[in-house]
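Following: one structure in structure tokens, then a few remarks.
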Amino acid sequence: MSEEEKPKKLAIIASKGTLDEAYPPLILASTAVALDMEVAIFFTFYGLDIINKKKYHRLKVPPLGNPAMPIPVPNFIGGLPGMTAMATKMMRNWMGNANVPTVPELVEICMESGVRMIACQMTVDVLGLNKEDFIEGVEFGGAATFLEFAKDADITLYI
């Protein structure tokens, strides 16, 4: 296969598991695969929550120390009880009003479209998780597994 015929590759590292940090890797991956790119997402540390079947449907947005919130929330207010729930509800409403799929829907789109979803085996072990904690179809591998894919990537992103 010539260089021109070879599909472009996107490699993404997802290391954060909050609602606002789950969208970028999933949207980029689903868009890239729709553009006929090969895509792999390596989920490590708290990014594993994005593919954890017990957690991915209820990710939250913490307003505390989050200066990028569209409505600025001073830290002393962001730390009050109920503020995370309020910020999470606001973001879910914004995304829903813009017809953006939910995180579980985006995960499903990625899986069905052929995005490789790789859970960092070392982090799974460190956090005391099991393969049964994750959605069906996730593969498990270490850094070498991801780097084997990423070494030829045209684009590599750390999110």
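Identifiers in the structure tokens: chain A, B, ... in order shown; residue index from 1 per chain; ligand index from 1 in order shown.
The residues of chain A that DSSP assigns to strand (DSSP E) on this backbone come out as Lys9, Leu10, Ala11, Ile12, Ile13, Ala14, Glu38, Val39, Ala40, Ile41, Phe42, Phe43, Arg116, Met117, Ile118, Ala119, Cys120, Glu139, Phe140, Gly141, Ile155, Thr156, Leu157 and Tyr158 of chain A.
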Expected file: the selected residues, N, CA and C atoms, as a compact mmCIF listing (two decimals), in the first residue's frame:
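Okay, this is what ended up in result-v8.txt:
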```
# COMPACT_ATOMS: atom_id res chain seq x y z
N LYS A 9 -3.76 8.24 10.85
CA LYS A 9 -3.98 7.67 12.18
C LYS A 9 -4.01 8.77 13.23
N LEU A 10 -4.94 8.63 14.17
CA LEU A 10 -5.07 9.53 15.31
C LEU A 10 -4.90 8.72 16.58
N ALA A 11 -3.98 9.14 17.43
CA ALA A 11 -3.74 8.50 18.72
C ALA A 11 -4.06 9.50 19.82
N ILE A 12 -4.93 9.11 20.74
CA ILE A 12 -5.37 10.00 21.82
C ILE A 12 -5.10 9.33 23.16
N ILE A 13 -4.58 10.11 24.11
CA ILE A 13 -4.45 9.66 25.49
C ILE A 13 -5.49 10.42 26.29
N ALA A 14 -6.41 9.69 26.94
CA ALA A 14 -7.44 10.30 27.79
C ALA A 14 -7.10 10.01 29.24
N GLU A 38 -7.78 5.85 11.13
CA GLU A 38 -7.65 4.83 12.17
C GLU A 38 -7.47 5.57 13.48
N VAL A 39 -8.19 5.13 14.51
CA VAL A 39 -8.17 5.87 15.78
C VAL A 39 -8.03 4.90 16.95
N ALA A 40 -7.19 5.31 17.91
CA ALA A 40 -7.09 4.59 19.17
C ALA A 40 -7.09 5.61 20.30
N ILE A 41 -7.83 5.29 21.35
CA ILE A 41 -7.81 6.10 22.57
C ILE A 41 -7.23 5.22 23.68
N PHE A 42 -6.22 5.74 24.35
CA PHE A 42 -5.59 5.06 25.48
C PHE A 42 -6.11 5.72 26.75
N PHE A 43 -6.91 5.00 27.52
CA PHE A 43 -7.51 5.52 28.74
C PHE A 43 -6.63 5.16 29.91
N ARG A 116 -10.37 2.02 18.45
CA ARG A 116 -9.77 1.13 19.45
C ARG A 116 -9.82 1.84 20.80
N MET A 117 -10.43 1.20 21.76
CA MET A 117 -10.56 1.74 23.11
C MET A 117 -9.65 0.88 23.98
N ILE A 118 -8.51 1.43 24.39
CA ILE A 118 -7.50 0.67 25.12
C ILE A 118 -7.43 1.16 26.57
N ALA A 119 -7.73 0.27 27.50
CA ALA A 119 -7.62 0.58 28.93
C ALA A 119 -6.20 0.26 29.36
N CYS A 120 -5.56 1.19 30.05
CA CYS A 120 -4.20 0.99 30.54
C CYS A 120 -4.21 -0.11 31.61
N GLU A 139 -10.27 -3.06 24.94
CA GLU A 139 -9.10 -3.92 25.02
C GLU A 139 -8.20 -3.42 26.13
N PHE A 140 -7.38 -4.30 26.64
CA PHE A 140 -6.51 -3.98 27.76
C PHE A 140 -5.07 -4.15 27.31
N GLY A 141 -4.25 -3.14 27.60
CA GLY A 141 -2.86 -3.20 27.21
C GLY A 141 -2.07 -2.14 27.95
N ILE A 155 -1.38 12.17 13.98
CA ILE A 155 -1.76 13.12 15.02
C ILE A 155 -1.78 12.37 16.34
N THR A 156 -1.16 12.95 17.36
CA THR A 156 -1.19 12.38 18.71
C THR A 156 -1.62 13.49 19.67
N LEU A 157 -2.62 13.18 20.49
CA LEU A 157 -3.16 14.17 21.41
C LEU A 157 -3.18 13.63 22.83
N TYR A 158 -2.85 14.48 23.78
CA TYR A 158 -2.94 14.15 25.20
C TYR A 158 -4.03 15.03 25.78
```
Do a neighbour search on A:Met37 at 9 Å with only C-alpha atoms, toss out local chain neighbours closer than 5 positions, and write the hits as a list in words.
Pro7, Lys8, Lys9, Leu10, Ala29, Thr31 and Ala32 of chain A
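Note that atom CA of A:Val124 and atom CA of A:Thr88 are 25.9 Å apart.
If you measure from each of A:Thr102, A:Asn97, A:Thr123, A:Asn52 to A:Leu19 using only C-alpha atoms, the closest one turns out to be A:Thr102.
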For A:Pro104: contacts at 10 Å, only C-alpha atoms, fewer than 5 positions along chain excluded, given as a PDB file with N, CA and C atoms, in the first residue's frame:
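Output file around_24.pdb follows:
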```pdb
ATOM      1  N   LEU A  26     -13.688  11.730  22.886  1.00  0.00           N
ATOM      2  CA  LEU A  26     -14.738  10.972  22.208  1.00  0.00           C
ATOM      3  C   LEU A  26     -15.221  11.676  20.946  1.00  0.00           C
ATOM      4  N   ILE A  50     -14.259   7.013  31.860  1.00  0.00           N
ATOM      5  CA  ILE A  50     -15.010   7.222  30.619  1.00  0.00           C
ATOM      6  C   ILE A  50     -15.497   5.895  30.035  1.00  0.00           C
ATOM      7  N   ILE A  51     -14.797   4.808  30.341  1.00  0.00           N
ATOM      8  CA  ILE A  51     -15.182   3.497  29.806  1.00  0.00           C
ATOM      9  C   ILE A  51     -15.560   2.511  30.918  1.00  0.00           C
ATOM     10  N   LYS A  53     -18.157   0.926  33.108  1.00  0.00           N
ATOM     11  CA  LYS A  53     -19.613   0.812  32.966  1.00  0.00           C
ATOM     12  C   LYS A  53     -20.382   1.227  34.213  1.00  0.00           C
ATOM     13  N   LYS A  55     -19.493   3.926  35.964  1.00  0.00           N
ATOM     14  CA  LYS A  55     -19.291   5.366  36.154  1.00  0.00           C
ATOM     15  C   LYS A  55     -19.600   6.231  34.938  1.00  0.00           C
ATOM     16  N   TYR A  56     -19.452   5.713  33.718  1.00  0.00           N
ATOM     17  CA  TYR A  56     -19.466   6.592  32.546  1.00  0.00           C
ATOM     18  C   TYR A  56     -20.797   7.274  32.280  1.00  0.00           C
ATOM     19  N   HIS A  57     -21.866   6.770  32.815  1.00  0.00           N
ATOM     20  CA  HIS A  57     -23.178   7.399  32.621  1.00  0.00           C
ATOM     21  C   HIS A  57     -23.469   8.483  33.665  1.00  0.00           C
ATOM     22  N   ARG A  58     -22.564   8.643  34.644  1.00  0.00           N
ATOM     23  CA  ARG A  58     -22.808   9.651  35.683  1.00  0.00           C
ATOM     24  C   ARG A  58     -21.553  10.467  36.012  1.00  0.00           C
ATOM     25  N   ILE A 109     -20.897   5.042  19.887  1.00  0.00           N
ATOM     26  CA  ILE A 109     -20.590   5.447  18.510  1.00  0.00           C
ATOM     27  C   ILE A 109     -19.142   5.102  18.182  1.00  0.00           C
ATOM     28  N   CYS A 110     -18.239   5.417  19.095  1.00  0.00           N
ATOM     29  CA  CYS A 110     -16.820   5.116  18.877  1.00  0.00           C
ATOM     30  C   CYS A 110     -16.595   3.618  18.734  1.00  0.00           C
ATOM     31  N   ILE A 135     -16.842  -1.445  29.935  1.00  0.00           N
ATOM     32  CA  ILE A 135     -17.823  -1.751  28.897  1.00  0.00           C
ATOM     33  C   ILE A 135     -17.265  -2.837  27.977  1.00  0.00           C
TER      34      ILE A 135
END
```
Run DSSP on the backbone of this structure and report the residues of stretch 17-58 of chain A it assigns to helix (DSSP H, G or I), as a PDB file with N, CA and C atoms, in the first residue's frame.
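Produced file result-v9.pdb, reproduced below:
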```
ATOM      1  N   LEU A  19     -16.910  14.953  33.371  1.00  0.00           N
ATOM      2  CA  LEU A  19     -17.820  15.086  32.232  1.00  0.00           C
ATOM      3  C   LEU A  19     -17.244  16.015  31.163  1.00  0.00           C
ATOM      4  N   ASP A  20     -16.710  17.160  31.587  1.00  0.00           N
ATOM      5  CA  ASP A  20     -16.177  18.117  30.618  1.00  0.00           C
ATOM      6  C   ASP A  20     -14.907  17.617  29.931  1.00  0.00           C
ATOM      7  N   GLU A  21     -14.187  16.691  30.553  1.00  0.00           N
ATOM      8  CA  GLU A  21     -12.963  16.148  29.960  1.00  0.00           C
ATOM      9  C   GLU A  21     -13.226  14.861  29.170  1.00  0.00           C
ATOM     10  N   ALA A  22     -14.422  14.293  29.287  1.00  0.00           N
ATOM     11  CA  ALA A  22     -14.759  13.080  28.546  1.00  0.00           C
ATOM     12  C   ALA A  22     -15.143  13.389  27.100  1.00  0.00           C
ATOM     13  N   TYR A  23     -15.750  14.538  26.876  1.00  0.00           N
ATOM     14  CA  TYR A  23     -16.222  14.867  25.538  1.00  0.00           C
ATOM     15  C   TYR A  23     -15.101  15.031  24.493  1.00  0.00           C
ATOM     16  N   PRO A  24     -14.039  15.773  24.767  1.00  0.00           N
ATOM     17  CA  PRO A  24     -13.036  15.995  23.710  1.00  0.00           C
ATOM     18  C   PRO A  24     -12.458  14.729  23.074  1.00  0.00           C
ATOM     19  N   PRO A  25     -11.978  13.734  23.835  1.00  0.00           N
ATOM     20  CA  PRO A  25     -11.423  12.569  23.150  1.00  0.00           C
ATOM     21  C   PRO A  25     -12.471  11.791  22.364  1.00  0.00           C
ATOM     22  N   LEU A  26     -13.688  11.730  22.886  1.00  0.00           N
ATOM     23  CA  LEU A  26     -14.738  10.972  22.208  1.00  0.00           C
ATOM     24  C   LEU A  26     -15.221  11.676  20.946  1.00  0.00           C
ATOM     25  N   ILE A  27     -15.375  12.995  20.999  1.00  0.00           N
ATOM     26  CA  ILE A  27     -15.808  13.743  19.816  1.00  0.00           C
ATOM     27  C   ILE A  27     -14.720  13.715  18.741  1.00  0.00           C
ATOM     28  N   LEU A  28     -13.476  13.922  19.154  1.00  0.00           N
ATOM     29  CA  LEU A  28     -12.376  13.875  18.185  1.00  0.00           C
ATOM     30  C   LEU A  28     -12.250  12.492  17.558  1.00  0.00           C
ATOM     31  N   ALA A  29     -12.356  11.454  18.368  1.00  0.00           N
ATOM     32  CA  ALA A  29     -12.232  10.082  17.853  1.00  0.00           C
ATOM     33  C   ALA A  29     -13.366   9.738  16.893  1.00  0.00           C
ATOM     34  N   SER A  30     -14.599  10.056  17.282  1.00  0.00           N
ATOM     35  CA  SER A  30     -15.734   9.720  16.410  1.00  0.00           C
ATOM     36  C   SER A  30     -15.701  10.523  15.119  1.00  0.00           C
ATOM     37  N   THR A  31     -15.232  11.745  15.183  1.00  0.00           N
ATOM     38  CA  THR A  31     -15.105  12.560  13.973  1.00  0.00           C
ATOM     39  C   THR A  31     -13.999  12.020  13.075  1.00  0.00           C
ATOM     40  N   ALA A  32     -12.860  11.690  13.659  1.00  0.00           N
ATOM     41  CA  ALA A  32     -11.731  11.182  12.875  1.00  0.00           C
ATOM     42  C   ALA A  32     -12.070   9.864  12.189  1.00  0.00           C
ATOM     43  N   VAL A  33     -12.755   8.968  12.884  1.00  0.00           N
ATOM     44  CA  VAL A  33     -13.101   7.692  12.267  1.00  0.00           C
ATOM     45  C   VAL A  33     -14.122   7.911  11.140  1.00  0.00           C
ATOM     46  N   ALA A  34     -14.987   8.911  11.293  1.00  0.00           N
ATOM     47  CA  ALA A  34     -15.932   9.251  10.217  1.00  0.00           C
ATOM     48  C   ALA A  34     -15.204   9.806   8.992  1.00  0.00           C
ATOM     49  N   PHE A  45      -5.329   6.332  34.105  1.00  0.00           N
ATOM     50  CA  PHE A  45      -5.697   6.967  35.362  1.00  0.00           C
ATOM     51  C   PHE A  45      -7.182   7.305  35.363  1.00  0.00           C
ATOM     52  N   TYR A  46      -7.578   8.522  35.690  1.00  0.00           N
ATOM     53  CA  TYR A  46      -9.005   8.804  35.836  1.00  0.00           C
ATOM     54  C   TYR A  46      -9.760   8.788  34.510  1.00  0.00           C
ATOM     55  N   GLY A  47      -9.046   8.807  33.410  1.00  0.00           N
ATOM     56  CA  GLY A  47      -9.683   8.654  32.104  1.00  0.00           C
ATOM     57  C   GLY A  47     -10.397   7.317  31.966  1.00  0.00           C
ATOM     58  N   LEU A  48     -10.002   6.332  32.793  1.00  0.00           N
ATOM     59  CA  LEU A  48     -10.682   5.033  32.775  1.00  0.00           C
ATOM     60  C   LEU A  48     -12.167   5.157  33.116  1.00  0.00           C
ATOM     61  N   ASP A  49     -12.538   6.213  33.860  1.00  0.00           N
ATOM     62  CA  ASP A  49     -13.955   6.399  34.203  1.00  0.00           C
ATOM     63  C   ASP A  49     -14.820   6.544  32.949  1.00  0.00           C
ATOM     64  N   ILE A  50     -14.259   7.013  31.860  1.00  0.00           N
ATOM     65  CA  ILE A  50     -15.010   7.222  30.619  1.00  0.00           C
ATOM     66  C   ILE A  50     -15.497   5.895  30.035  1.00  0.00           C
ATOM     67  N   ILE A  51     -14.797   4.808  30.341  1.00  0.00           N
ATOM     68  CA  ILE A  51     -15.182   3.497  29.806  1.00  0.00           C
ATOM     69  C   ILE A  51     -15.560   2.511  30.918  1.00  0.00           C
ATOM     70  N   TYR A  56     -19.452   5.713  33.718  1.00  0.00           N
ATOM     71  CA  TYR A  56     -19.466   6.592  32.546  1.00  0.00           C
ATOM     72  C   TYR A  56     -20.797   7.274  32.280  1.00  0.00           C
ATOM     73  N   HIS A  57     -21.866   6.770  32.815  1.00  0.00           N
ATOM     74  CA  HIS A  57     -23.178   7.399  32.621  1.00  0.00           C
ATOM     75  C   HIS A  57     -23.469   8.483  33.665  1.00  0.00           C
ATOM     76  N   ARG A  58     -22.564   8.643  34.644  1.00  0.00           N
ATOM     77  CA  ARG A  58     -22.808   9.651  35.683  1.00  0.00           C
ATOM     78  C   ARG A  58     -21.553  10.467  36.012  1.00  0.00           C
TER      79      ARG A  58
END
```
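Take atom CA of A:Thr44 and atom CA of A:Ser15: the distance between them is 5.0 Å.
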Let me make sure I understand: among A:Val61, A:Met86, A:Met122, A:Val107, which one has the smallest atom-to-atom distance to A:Glu136 if we use only C-alpha atoms?
A:Val107
